[in-house]
Structure formats: structure tokens, C-alpha cells
$ cat start11.txt   # compact mmCIF, C-alpha atoms
# COMPACT_ATOMS: atom_id res chain seq x y z
CA MET A 1454 120.94 -30.80 79.21
CA ASN A 1455 119.67 -30.63 75.61
CA HIS A 1456 119.50 -33.58 73.28
CA ARG A 1457 122.70 -32.69 71.40
CA SER A 1458 124.74 -32.37 74.60
CA PHE A 1459 123.36 -35.67 75.93
CA MET A 1460 124.36 -37.47 72.75
CA ARG A 1461 127.92 -36.13 73.07
CA TRP A 1462 128.07 -37.23 76.73
CA LEU A 1463 126.57 -40.73 76.19
CA PRO A 1464 129.73 -42.46 74.84
CA ALA A 1465 131.71 -41.27 77.86
CA LEU A 1466 128.99 -42.64 80.16
CA GLY A 1467 129.14 -45.99 78.39
CA THR A 1468 132.90 -46.16 78.77
CA ALA A 1469 132.69 -45.31 82.46
CA LEU A 1470 130.07 -47.97 83.07
CA ALA A 1471 132.10 -50.54 81.17
CA LEU A 1472 135.19 -49.73 83.20
CA GLY A 1473 133.17 -49.90 86.40
CA PHE A 1474 131.76 -53.34 85.66
CA ALA A 1475 135.02 -54.73 84.24
CA PRO A 1476 136.47 -55.86 87.61
CA LEU A 1477 133.21 -57.65 88.48
CA ALA A 1478 133.10 -59.39 85.11
CA GLN A 1479 136.75 -60.31 85.40
CA ALA A 1480 136.20 -61.77 88.89
CA GLN A 1481 133.30 -63.82 87.64
CA ALA A 1482 135.32 -65.06 84.67
CA VAL A 1483 138.23 -66.33 86.79
CA LYS A 1484 136.10 -68.01 89.46
CA LYS A 1485 137.10 -71.68 89.50
CA ALA A 1486 135.22 -74.78 90.52
CA GLN A 1487 136.02 -76.19 93.95
CA VAL A 1488 137.11 -79.83 93.61
CA VAL A 1489 138.01 -82.19 96.46
CA ILE A 1490 140.27 -85.16 95.72
CA LEU A 1491 139.80 -88.15 98.03
CA ALA A 1492 142.82 -90.45 97.84
CA THR A 1493 142.51 -94.15 98.61
CA GLY A 1494 145.81 -95.52 97.30
CA GLY A 1495 146.24 -97.86 94.34
CA THR A 1496 148.61 -97.79 91.38
CA ILE A 1497 148.05 -94.10 90.79
CA ALA A 1498 149.82 -93.65 94.14
CA GLY A 1499 152.34 -96.41 93.42
CA ALA A 1500 156.09 -96.50 92.84
CA GLY A 1501 158.41 -98.92 91.05
CA ALA A 1502 162.08 -99.63 91.57
CA SER A 1503 162.96 -98.13 88.18
CA ALA A 1504 161.34 -96.30 85.28
CA ALA A 1505 161.24 -99.57 83.37
CA ASN A 1506 158.88 -101.12 85.93
CA SER A 1507 155.37 -100.57 84.62
CA ALA A 1508 153.82 -103.80 85.91
CA THR A 1509 156.07 -104.54 88.90
CA TYR A 1510 155.74 -101.96 91.65
CA GLN A 1511 154.31 -101.23 95.08
CA ALA A 1512 150.86 -99.66 95.14
CA ALA A 1513 149.61 -97.05 97.61
CA LYS A 1514 152.93 -95.38 98.44
CA VAL A 1515 152.51 -91.74 97.39
CA PRO A 1516 150.41 -89.52 99.73
CA VAL A 1517 147.76 -87.22 98.31
CA ASP A 1518 149.73 -83.99 98.78
CA LYS A 1519 152.62 -85.31 96.69
CA LEU A 1520 150.20 -86.72 94.14
CA LEU A 1521 148.61 -83.31 93.64
CA ALA A 1522 151.98 -81.54 93.60
CA SER A 1523 153.09 -83.83 90.77
CA VAL A 1524 150.39 -82.32 88.50
CA PRO A 1525 150.67 -78.52 89.00
CA GLU A 1526 148.44 -77.98 85.96
CA LEU A 1527 145.45 -78.94 88.10
CA SER A 1528 145.35 -75.36 89.37
CA ASN A 1529 144.45 -74.23 85.85
CA LEU A 1530 141.27 -76.29 86.04
CA ALA A 1531 139.95 -75.81 89.57
CA ASP A 1532 140.74 -74.91 93.14
CA VAL A 1533 141.80 -78.35 94.34
CA ARG A 1534 142.28 -79.74 97.83
CA GLY A 1535 143.03 -83.29 98.86
CA GLU A 1536 142.17 -85.73 101.65
CA GLN A 1537 143.80 -89.08 102.35
CA VAL A 1538 140.88 -91.40 103.13
CA PHE A 1539 142.79 -94.70 102.81
CA GLN A 1540 146.21 -95.74 101.54
CA ILE A 1541 145.73 -99.31 100.39
CA ALA A 1542 145.75 -101.44 97.26
CA SER A 1543 142.18 -101.72 96.02
CA GLU A 1544 142.00 -105.52 96.09
CA SER A 1545 142.01 -105.14 99.88
CA LEU A 1546 139.05 -102.76 99.99
CA ASN A 1547 136.09 -104.26 101.85
CA ASN A 1548 132.47 -103.36 102.57
CA GLU A 1549 133.47 -101.21 105.54
CA HIS A 1550 135.79 -99.17 103.32
CA LEU A 1551 133.01 -98.70 100.76
CA VAL A 1552 130.61 -97.40 103.40
CA THR A 1553 133.22 -95.06 104.91
CA LEU A 1554 134.19 -93.64 101.51
CA ALA A 1555 130.61 -93.18 100.33
CA LYS A 1556 129.63 -91.41 103.54
CA ARG A 1557 132.52 -88.99 103.08
CA VAL A 1558 131.55 -88.34 99.46
CA SER A 1559 127.96 -87.76 100.54
CA ALA A 1560 129.01 -85.31 103.26
CA LEU A 1561 131.24 -83.34 100.87
CA SER A 1562 128.53 -83.22 98.23
CA LYS A 1563 126.31 -81.31 100.67
CA GLN A 1564 128.89 -78.54 101.17
CA ALA A 1565 128.39 -75.28 99.29
CA ASP A 1566 132.15 -74.94 98.77
CA VAL A 1567 132.38 -78.26 96.87
CA ASP A 1568 131.46 -78.39 93.17
CA GLY A 1569 132.88 -81.80 92.33
CA ILE A 1570 134.62 -84.79 93.90
CA VAL A 1571 137.41 -86.98 92.52
CA ILE A 1572 138.37 -90.32 94.07
CA THR A 1573 141.80 -91.74 93.24
CA HIS A 1574 141.58 -95.50 93.41
CA GLY A 1575 143.34 -98.74 92.59
CA THR A 1576 142.05 -100.28 89.39
CA ASP A 1577 141.37 -103.82 90.65
CA THR A 1578 138.08 -102.90 92.34
CA LEU A 1579 137.62 -99.40 90.93
CA GLU A 1580 134.50 -100.41 89.00
CA GLU A 1581 132.86 -101.77 92.16
CA THR A 1582 133.46 -98.58 94.12
CA ALA A 1583 132.21 -96.44 91.24
CA TYR A 1584 129.00 -98.47 91.03
CA PHE A 1585 128.50 -98.32 94.79
CA LEU A 1586 128.80 -94.51 94.71
CA THR A 1587 126.41 -94.37 91.77
CA LEU A 1588 123.81 -96.29 93.77
CA THR A 1589 124.17 -94.67 97.18
CA VAL A 1590 125.23 -90.99 97.05
CA HIS A 1591 122.30 -88.63 96.55
CA THR A 1592 123.83 -85.73 94.66
CA SER A 1593 123.80 -84.24 91.19
CA LYS A 1594 127.34 -82.90 91.64
CA PRO A 1595 129.99 -84.71 89.58
CA ILE A 1596 131.64 -87.72 91.22
CA VAL A 1597 134.65 -89.00 89.30
CA VAL A 1598 136.68 -92.13 90.09
CA VAL A 1599 140.15 -92.33 88.55
CA GLY A 1600 143.13 -94.64 88.62
CA SER A 1601 146.12 -95.57 86.52
CA MET A 1602 147.58 -98.71 85.02
CA ARG A 1603 151.20 -97.63 85.56
CA PRO A 1604 152.84 -96.11 88.62
CA GLY A 1605 154.00 -92.52 88.42
CA THR A 1606 157.64 -93.67 88.36
CA ALA A 1607 157.20 -95.62 85.09
CA LEU A 1608 158.04 -94.57 81.56
CA SER A 1609 154.83 -93.30 79.89
CA ALA A 1610 153.00 -93.24 83.23
CA ASP A 1611 149.31 -92.56 82.69
CA GLY A 1612 148.31 -91.36 86.15
CA ALA A 1613 149.09 -87.65 85.75
CA LEU A 1614 146.96 -87.19 82.63
CA ASN A 1615 144.20 -89.38 84.05
CA LEU A 1616 144.09 -87.21 87.17
CA TYR A 1617 144.13 -84.02 85.11
CA ASN A 1618 141.21 -85.31 83.02
CA ALA A 1619 139.33 -86.44 86.12
CA VAL A 1620 139.59 -82.98 87.70
CA ALA A 1621 138.54 -81.39 84.42
CA THR A 1622 135.47 -83.63 84.37
CA ALA A 1623 134.61 -83.01 88.02
CA ALA A 1624 134.97 -79.24 87.52
CA SER A 1625 132.71 -79.13 84.48
CA PRO A 1626 129.00 -78.31 84.98
CA THR A 1627 128.31 -80.61 82.00
CA SER A 1628 129.21 -83.61 84.18
CA ALA A 1629 126.41 -83.00 86.67
CA GLY A 1630 123.57 -85.46 87.09
CA LYS A 1631 125.23 -88.39 85.31
CA GLY A 1632 126.00 -90.59 88.31
CA ALA A 1633 129.51 -91.61 89.33
CA LEU A 1634 131.89 -91.48 86.38
CA VAL A 1635 135.15 -93.28 85.64
CA VAL A 1636 137.74 -91.23 83.75
CA MET A 1637 140.77 -93.05 82.35
CA ASN A 1638 142.64 -93.14 79.06
CA ASP A 1639 140.83 -89.96 77.87
CA GLU A 1640 137.42 -91.64 78.11
CA ILE A 1641 134.47 -90.89 80.40
CA ASN A 1642 132.54 -94.03 81.29
CA SER A 1643 129.53 -94.68 83.47
CA GLY A 1644 130.44 -96.16 86.84
CA ARG A 1645 127.57 -98.56 86.32
CA ASP A 1646 128.74 -99.97 82.99
CA VAL A 1647 132.52 -99.84 82.98
CA ALA A 1648 134.76 -102.80 83.81
CA LYS A 1649 138.45 -103.57 83.87
CA SER A 1650 139.03 -105.73 80.82
CA ILE A 1651 142.82 -106.10 80.79
CA ASN A 1652 145.52 -105.66 83.42
CA ILE A 1653 148.50 -104.47 81.36
CA ARG A 1654 147.55 -101.80 78.86
CA THR A 1655 146.39 -98.27 79.65
CA GLU A 1656 143.07 -98.75 77.81
CA ALA A 1657 142.03 -101.25 80.46
CA PHE A 1658 138.56 -99.87 81.27
CA LYS A 1659 135.74 -100.36 78.80
CA SER A 1660 131.97 -100.36 78.79
CA PRO A 1661 130.15 -102.94 76.65
CA TRP A 1662 127.68 -100.21 75.73
CA GLY A 1663 130.27 -97.56 74.90
CA ALA A 1664 131.80 -94.54 76.62
CA LEU A 1665 129.68 -91.55 77.64
CA GLY A 1666 132.25 -89.09 76.36
CA MET A 1667 135.87 -88.01 76.18
CA VAL A 1668 138.21 -85.46 77.73
CA VAL A 1669 140.54 -83.63 75.35
CA GLU A 1670 142.94 -80.96 76.62
CA GLY A 1671 140.88 -80.36 79.72
CA LYS A 1672 137.48 -80.11 78.00
CA THR A 1673 134.66 -82.65 78.21
CA TYR A 1674 132.80 -83.90 75.14
CA TRP A 1675 129.62 -85.96 75.65
CA PHE A 1676 127.93 -88.44 73.31
CA ARG A 1677 125.34 -90.26 75.45
CA ALA A 1678 123.88 -90.29 78.95
CA PRO A 1679 123.04 -93.09 81.44
CA VAL A 1680 119.44 -94.31 81.49
CA LYS A 1681 119.54 -96.61 84.54
CA ARG A 1682 118.56 -95.21 87.95
CA HIS A 1683 121.38 -93.58 89.88
CA THR A 1684 122.32 -91.03 92.55
CA MET A 1685 119.37 -88.61 92.94
CA GLN A 1686 116.88 -91.22 91.64
CA SER A 1687 118.22 -94.09 93.73
CA GLU A 1688 116.24 -95.69 96.55
CA PHE A 1689 119.51 -96.50 98.34
CA ASP A 1690 120.96 -93.74 100.53
CA ILE A 1691 124.40 -94.08 102.12
CA ASP A 1692 123.38 -91.67 104.88
CA SER A 1693 121.10 -94.37 106.28
CA ILE A 1694 123.35 -97.40 105.63
CA SER A 1695 126.00 -98.56 108.09
CA VAL A 1696 126.40 -102.29 107.40
CA LEU A 1697 126.11 -104.31 104.19
CA PRO A 1698 124.71 -107.86 104.26
CA LYS A 1699 127.16 -110.56 103.26
CA VAL A 1700 126.99 -111.56 99.58
CA GLU A 1701 129.45 -113.98 97.98
CA ILE A 1702 130.37 -114.99 94.42
CA ALA A 1703 130.92 -118.55 93.17
CA TYR A 1704 132.36 -119.24 89.74
CA GLY A 1705 130.89 -121.47 87.05
CA TYR A 1706 133.26 -123.66 85.02
CA GLY A 1707 133.56 -127.09 83.45
CA SER A 1708 133.29 -129.88 86.07
CA ALA A 1709 131.77 -127.43 88.58
CA ASN A 1710 130.44 -128.72 91.88
CA ASP A 1711 128.39 -127.30 94.73
CA ILE A 1712 131.10 -127.10 97.41
CA ALA A 1713 131.73 -123.34 97.22
CA TYR A 1714 128.03 -122.47 97.33
CA LYS A 1715 127.40 -124.59 100.42
CA ALA A 1716 130.51 -123.24 102.14
CA PHE A 1717 129.51 -119.62 101.53
CA ALA A 1718 126.03 -120.31 102.84
CA ALA A 1719 127.41 -122.00 105.94
CA ALA A 1720 129.61 -118.94 106.53
CA GLY A 1721 126.56 -116.68 106.65
CA ALA A 1722 126.04 -115.41 103.10
CA LYS A 1723 122.58 -113.89 102.60
CA ALA A 1724 122.85 -114.06 98.81
CA LEU A 1725 124.99 -115.96 96.33
CA ILE A 1726 126.05 -114.60 92.96
CA HIS A 1727 126.49 -117.40 90.45
CA ALA A 1728 129.11 -116.26 87.90
CA GLY A 1729 127.84 -118.56 85.24
CA THR A 1730 129.09 -119.50 81.82
CA GLY A 1731 127.31 -118.06 78.79
CA ASN A 1732 123.83 -116.87 79.70
CA GLY A 1733 124.48 -117.44 83.40
CA SER A 1734 124.04 -121.16 82.93
CA VAL A 1735 124.28 -123.50 85.94
CA ALA A 1736 125.90 -126.94 85.78
CA ALA A 1737 123.46 -129.78 86.47
CA PRO A 1738 125.29 -130.98 89.64
CA VAL A 1739 124.98 -127.47 91.13
CA VAL A 1740 121.25 -126.91 90.55
CA PRO A 1741 119.95 -129.05 93.47
CA ALA A 1742 122.18 -127.25 95.97
CA LEU A 1743 121.08 -123.83 94.76
CA ARG A 1744 117.43 -124.84 95.01
CA GLU A 1745 118.00 -126.12 98.53
CA LEU A 1746 119.78 -122.93 99.58
CA ARG A 1747 116.98 -120.80 98.13
CA ALA A 1748 114.47 -122.79 100.15
CA LYS A 1749 116.47 -121.79 103.24
CA GLY A 1750 116.04 -118.11 102.39
CA ILE A 1751 119.33 -117.39 100.60
CA GLN A 1752 118.93 -115.32 97.44
CA ILE A 1753 120.31 -116.95 94.28
CA ILE A 1754 121.34 -114.52 91.55
CA ARG A 1755 122.49 -115.72 88.15
CA SER A 1756 125.08 -113.53 86.40
CA ALA A 1757 127.51 -114.19 83.56
CA ARG A 1758 131.28 -114.48 83.72
CA VAL A 1759 131.41 -113.35 80.06
CA VAL A 1760 133.82 -110.45 79.60
CA GLY A 1761 132.61 -107.41 77.66
CA GLY A 1762 128.86 -107.89 77.71
CA GLY A 1763 127.40 -110.76 79.68
CA PHE A 1764 123.61 -110.55 79.43
CA VAL A 1765 121.45 -112.93 81.44
CA LEU A 1766 117.88 -113.46 80.29
CA ARG A 1767 115.31 -114.52 82.85
CA ASN A 1768 113.96 -118.05 82.40
CA ALA A 1769 116.56 -118.83 79.74
CA GLU A 1770 118.93 -121.66 80.68
CA GLN A 1771 117.12 -122.08 84.00
CA PRO A 1772 113.43 -121.76 85.07
CA ASP A 1773 114.01 -118.75 87.32
CA ASP A 1774 110.32 -118.24 88.03
CA GLN A 1775 109.95 -121.83 89.19
CA TYR A 1776 113.09 -121.76 91.34
CA ASP A 1777 112.48 -118.22 92.65
CA TRP A 1778 115.91 -117.10 91.46
CA VAL A 1779 117.02 -113.62 90.32
CA VAL A 1780 118.99 -112.73 87.18
CA ALA A 1781 121.63 -110.00 87.15
CA HIS A 1782 120.64 -108.65 83.72
CA ASP A 1783 123.85 -107.16 82.24
CA LEU A 1784 125.73 -106.62 85.52
CA ASN A 1785 128.94 -108.59 85.88
CA PRO A 1786 129.33 -110.76 89.00
CA GLN A 1787 131.24 -108.19 91.05
CA LYS A 1788 128.71 -105.45 90.37
CA ALA A 1789 125.85 -107.87 90.97
CA ARG A 1790 127.36 -108.41 94.43
CA ILE A 1791 127.26 -104.66 95.10
CA LEU A 1792 123.61 -104.29 94.08
CA ALA A 1793 122.55 -107.46 95.91
CA SER A 1794 124.13 -106.20 99.13
CA LEU A 1795 122.26 -102.92 98.87
CA ALA A 1796 119.02 -104.63 97.87
CA LEU A 1797 119.15 -106.75 101.01
CA THR A 1798 119.28 -103.62 103.16
CA ARG A 1799 115.73 -102.96 102.00
CA THR A 1800 114.00 -106.24 101.20
CA THR A 1801 114.21 -110.04 101.08
CA ASP A 1802 111.50 -110.30 98.42
CA SER A 1803 113.07 -111.88 95.32
CA LYS A 1804 110.58 -110.16 93.02
CA ASP A 1805 111.53 -106.76 94.41
CA ILE A 1806 115.21 -107.62 94.11
CA GLN A 1807 114.64 -108.62 90.48
CA ARG A 1808 113.00 -105.24 89.87
CA MET A 1809 116.10 -103.54 91.25
CA PHE A 1810 118.37 -105.48 88.94
CA MET A 1811 116.34 -104.34 85.95
CA GLU A 1812 116.14 -100.69 87.06
CA TYR A 1813 119.72 -100.17 88.23

$ encode --input "start11.txt" --output "C-alpha cells"
Amino acid sequence: MNHRSFMRWLPALGTALALGFAPLAQAQAVKKAQVVILATGGTIAGAGASAANSATYQAAKVPVDKLLASVPELSNLADVRGEQVFQIASESLNNEHLVTLAKRVSALSKQADVDGIVITHGTDTLEETAYFLTLTVHTSKPIVVVGSMRPGTALSADGALNLYNAVATAASPTSAGKGALVVMNDEINSGRDVAKSINIRTEAFKSPWGALGMVVEGKTYWFRAPVKRHTMQSEFDIDSISVLPKVEIAYGYGSANDIAYKAFAAAGAKALIHAGTGNGSVAAPVVPALRELRAKGIQIIRSARVVGGGFVLRNAEQPDDQYDWVVAHDLNPQKARILASLALTRTTDSKDIQRMFMEY
């Protein structure tokens, strides 16, 4: 074939090649992420007596298959399948539930046919579960915890859009490596930072340090990333944890006394979280009891009951070095309980536990 003939034939060759590769390119373009939804109950699976009931309803009534069927648009985002892990209101979740759920998340994260995991959850303890997953599941795959403030039967129910946004986040490669995330009210928050700040409105979950990003019409937009240790960088691994040591929380308030602290210790608590006023301050009548309990080997951890940004400084308010106490840094009391429980699976050294509170 001479040069002129080859040049006439070349466009036809290009067309043939393009047509030949078109089905492959099309197949690659339509390949969807594989997302597993683990349902645990909560308001997002709740039902009220009428559409006007947005705060009065029964939680944990709708099974996962019906929950997914109620949002058919999920199929536009990912290939989704569901599992019913629990069907309970989240205030009744305990340590055993946390371990069971985290082990299931860990097992799924190791499967090649799973790209992301969504956990539907009641909002009362959602932040605790999200933090536990952040600390214990060793994966870079997206883990997203989602709930709703109104049951699906209510006017302006928020669960369907929250679930849609959660699946969009779990299906997006941009969500990888950021620890467990909480997606509600169009925002993406770190499971470490976020907390439930109100129990009526749909914008209930906020982080004192700001959201990581947003979800708009099924697309994620990111503005910052977590800097604390999590998931792949964590020294805690759910695959090797079966039981969590007992850690309790006692509340600081005006006219506080030491009764609760002593009772928790007598019941077998290995650590006590003091939910203190202000900078984790401790009322004078309580200090001697906490010192006595520390001398008996119980860890004393000062946190703050302040909503929206409690920040406890070591050796401020109390001489923590002298008393051998730990401070919770910026973790609220309920998250301090989670980290303390995990810390005690590895050490009883208060200095090492303090390191963990600063790093996680």
C-alpha cells in the first residue's frame, strides 16, 4: 500500500477502532460503586401516627428493605444492598452493640465487592458510634453514619435526602481516607468532631471546628480534612477487641457531691469521666474522692460539659500532674468515654492515656 492509499484508509481505521472500543468505554463509564447499608434502627427507621408528628413517633420500625425502597434514586448513585444489623433506638445501644457493628464494618471493608459502607443510626448516640468506628476500623474506604431528626412519615421528613447524600458520599472516591463521616442536613462532618446540639431541628449535628464538606445534588464538595489519628493510623483495631472496659460519666453542677463517682467505682468502673463545668473544673467537695479513687487505680479524666466547643487544658483548674489525672482535650464527655474504653484495652498508664487523648 502506497502512502496516498494509506492516508485514504486511515480515517476508516480510526472509526473502526473507535467503534470497537466504544462498548468497553461505555461499560467502564456506567460501572457503579458498591455500597452496603447497615441498618441499626433509630428515627430514620421510625414512624409517627400522622404526618404532623415530627417529634412524637416510634423509632426503629421500618426494616432496611423498605427504607431502601423508599429512596429509589439511590440506584442512580451506586449498586446498593442492605443488612439489618439491629433494630433499636440508639439510646439503648451498648458496648456489645458497638463491638458487633464495628466488626461487621471491618469485615465488609475487606471485601473487594464493597467500595463504601453506610450505617443508618438513631441520632441520640450517633456521634459515639461514628467516633468508635473512626478509632477502630482499619480501612481507607468511606464509612458514613447517617440518621434523621424526623421520621419518614412526617411532613418535611429529612431521612430520605440524608440517606441519598450518605450513599453519594460513601460512593465517592473523594471520601476515602477521612475516617468515619457523619452526613446529615447536607453537611459532611468528621465522626470525631461532630455532636448532636439540638433535638428538634434538622440541623442538629454540628462540629465546633466546622464541617469537612457538603453534599449538593449527589456530589461531594470538600473544604478541610481531619488531622487527628483515625482508621488506618489508629493503634486500636476492632478485629482484636471483644470486650470494652467499663467507663462511666459523672456530671458536674452547682452543689455537686461525690456520691455518683463512688457508686460508679463500687460498681466496677475502670475509669471515670468527669463532665465538668467550664474548663472541666471540679467542685471542691468532689476533689478528695477523685484523688482517693485514682490512688486505687481508677483513671480520672476531666472533660467539659460545655456544648459546642469544650476545651480542657491540662493543669488549668486542677493540678493534673500532681493528681495523676487525664484531660479529655476537646472531646465531649460521651466521646471521652469511648476513647477511654479503648485506651484501657491497651494500657493503664495515665501518661500513655493522656497521649492518646491528644492524638485522637

$ closest_residue --input "start11.txt" --among "A:Tyr1617, A:Phe1764, A:Tyr1706, A:Trp1675" --to "Pro1661 (chain A)" --atoms "all atoms listed in the file"
A:Phe1764

$ closest_residue --input "start11.txt" --among "A:Ser1734, A:Thr1801, A:Thr1496, A:Thr1684" --to "Phe1585 (chain A)" --atoms "only C-alpha atoms"
A:Thr1684

$ closest_residue --input "start11.txt" --among "A:Ile1596, A:Val1739, A:Ala1796, A:Leu1697" --to "Lys1715 (chain A)" --atoms "only C-alpha atoms"
A:Val1739

$ closest_residue --input "start11.txt" --among "A:Ala1648, A:Val1680, A:Val1760, A:Ala1664" --to "Lys1631 (chain A)" --atoms "only C-alpha atoms"
A:Val1680

$ residues_around --input "start11.txt" --residues "Met1685 (chain A)" --least-positions-apart "6" --cutoff "9 Å" --atoms "only C-alpha atoms" --output "PyMOL selection string"
chain A and resi 1588-1593+1630+1632

$ atom_distance --input "start11.txt" --atom1 "CA of Val1636 (chain A)" --atom2 "CA of Val1700 (chain A)"
27.9 Å

$ decode --input "start11.txt" --residues "region 1630-1644 of chain A" --atoms "N, CA, C and O atoms" --output "mmCIF file, in the first residue's frame"
data_model
loop_
_atom_site.group_PDB
_atom_site.id
_atom_site.type_symbol
_atom_site.label_atom_id
_atom_site.label_comp_id
_atom_site.auth_asym_id
_atom_site.auth_seq_id
_atom_site.Cartn_x
_atom_site.Cartn_y
_atom_site.Cartn_z
ATOM 1 N N GLY A 1630 -10.275 7.668 53.068
ATOM 2 C CA GLY A 1630 -9.168 8.063 53.929
ATOM 3 C C GLY A 1630 -9.446 9.197 54.888
ATOM 4 O O GLY A 1630 -8.524 9.793 55.427
ATOM 5 N N LYS A 1631 -10.718 9.502 55.141
ATOM 6 C CA LYS A 1631 -11.061 10.623 56.015
ATOM 7 C C LYS A 1631 -11.669 10.174 57.342
ATOM 8 O O LYS A 1631 -12.207 10.987 58.083
ATOM 9 N N GLY A 1632 -11.609 8.878 57.636
ATOM 10 C CA GLY A 1632 -12.217 8.380 58.854
ATOM 11 C C GLY A 1632 -13.718 8.259 58.685
ATOM 12 O O GLY A 1632 -14.271 8.541 57.621
ATOM 13 N N ALA A 1633 -14.404 7.839 59.742
ATOM 14 C CA ALA A 1633 -15.859 7.741 59.684
ATOM 15 C C ALA A 1633 -16.455 9.143 59.586
ATOM 16 O O ALA A 1633 -16.034 10.067 60.276
ATOM 17 N N LEU A 1634 -17.447 9.279 58.715
ATOM 18 C CA LEU A 1634 -18.076 10.565 58.444
ATOM 19 C C LEU A 1634 -19.528 10.532 58.878
ATOM 20 O O LEU A 1634 -20.162 9.480 58.890
ATOM 21 N N VAL A 1635 -20.054 11.694 59.228
ATOM 22 C CA VAL A 1635 -21.472 11.831 59.545
ATOM 23 C C VAL A 1635 -22.078 12.775 58.520
ATOM 24 O O VAL A 1635 -21.613 13.913 58.353
ATOM 25 N N VAL A 1636 -23.089 12.292 57.792
ATOM 26 C CA VAL A 1636 -23.731 13.086 56.748
ATOM 27 C C VAL A 1636 -25.181 13.326 57.136
ATOM 28 O O VAL A 1636 -25.979 12.391 57.202
ATOM 29 N N MET A 1637 -25.501 14.574 57.404
ATOM 30 C CA MET A 1637 -26.871 14.988 57.719
ATOM 31 C C MET A 1637 -27.039 16.448 57.348
ATOM 32 O O MET A 1637 -26.079 17.230 57.430
ATOM 33 N N ASN A 1638 -28.263 16.804 56.938
ATOM 34 C CA ASN A 1638 -28.582 18.195 56.651
ATOM 35 C C ASN A 1638 -27.628 18.798 55.624
ATOM 36 O O ASN A 1638 -27.214 19.945 55.732
ATOM 37 N N ASP A 1639 -27.252 18.004 54.625
ATOM 38 C CA ASP A 1639 -26.372 18.403 53.506
ATOM 39 C C ASP A 1639 -24.910 18.581 53.897
ATOM 40 O O ASP A 1639 -24.083 18.879 53.038
ATOM 41 N N GLU A 1640 -24.566 18.415 55.153
ATOM 42 C CA GLU A 1640 -23.193 18.606 55.597
ATOM 43 C C GLU A 1640 -22.472 17.280 55.795
ATOM 44 O O GLU A 1640 -23.075 16.272 56.154
ATOM 45 N N ILE A 1641 -21.147 17.300 55.577
ATOM 46 C CA ILE A 1641 -20.282 16.157 55.885
ATOM 47 C C ILE A 1641 -19.400 16.569 57.060
ATOM 48 O O ILE A 1641 -18.609 17.509 56.951
ATOM 49 N N ASN A 1642 -19.562 15.878 58.172
ATOM 50 C CA ASN A 1642 -18.769 16.181 59.353
ATOM 51 C C ASN A 1642 -17.896 15.001 59.740
ATOM 52 O O ASN A 1642 -18.204 13.845 59.425
ATOM 53 N N SER A 1643 -16.808 15.283 60.424
ATOM 54 C CA SER A 1643 -15.955 14.239 60.957
ATOM 55 C C SER A 1643 -16.661 13.540 62.103
ATOM 56 O O SER A 1643 -17.232 14.184 62.993
ATOM 57 N N GLY A 1644 -16.613 12.198 62.094
ATOM 58 C CA GLY A 1644 -17.183 11.443 63.201
ATOM 59 C C GLY A 1644 -16.510 11.748 64.520
ATOM 60 O O GLY A 1644 -17.100 11.548 65.588
#
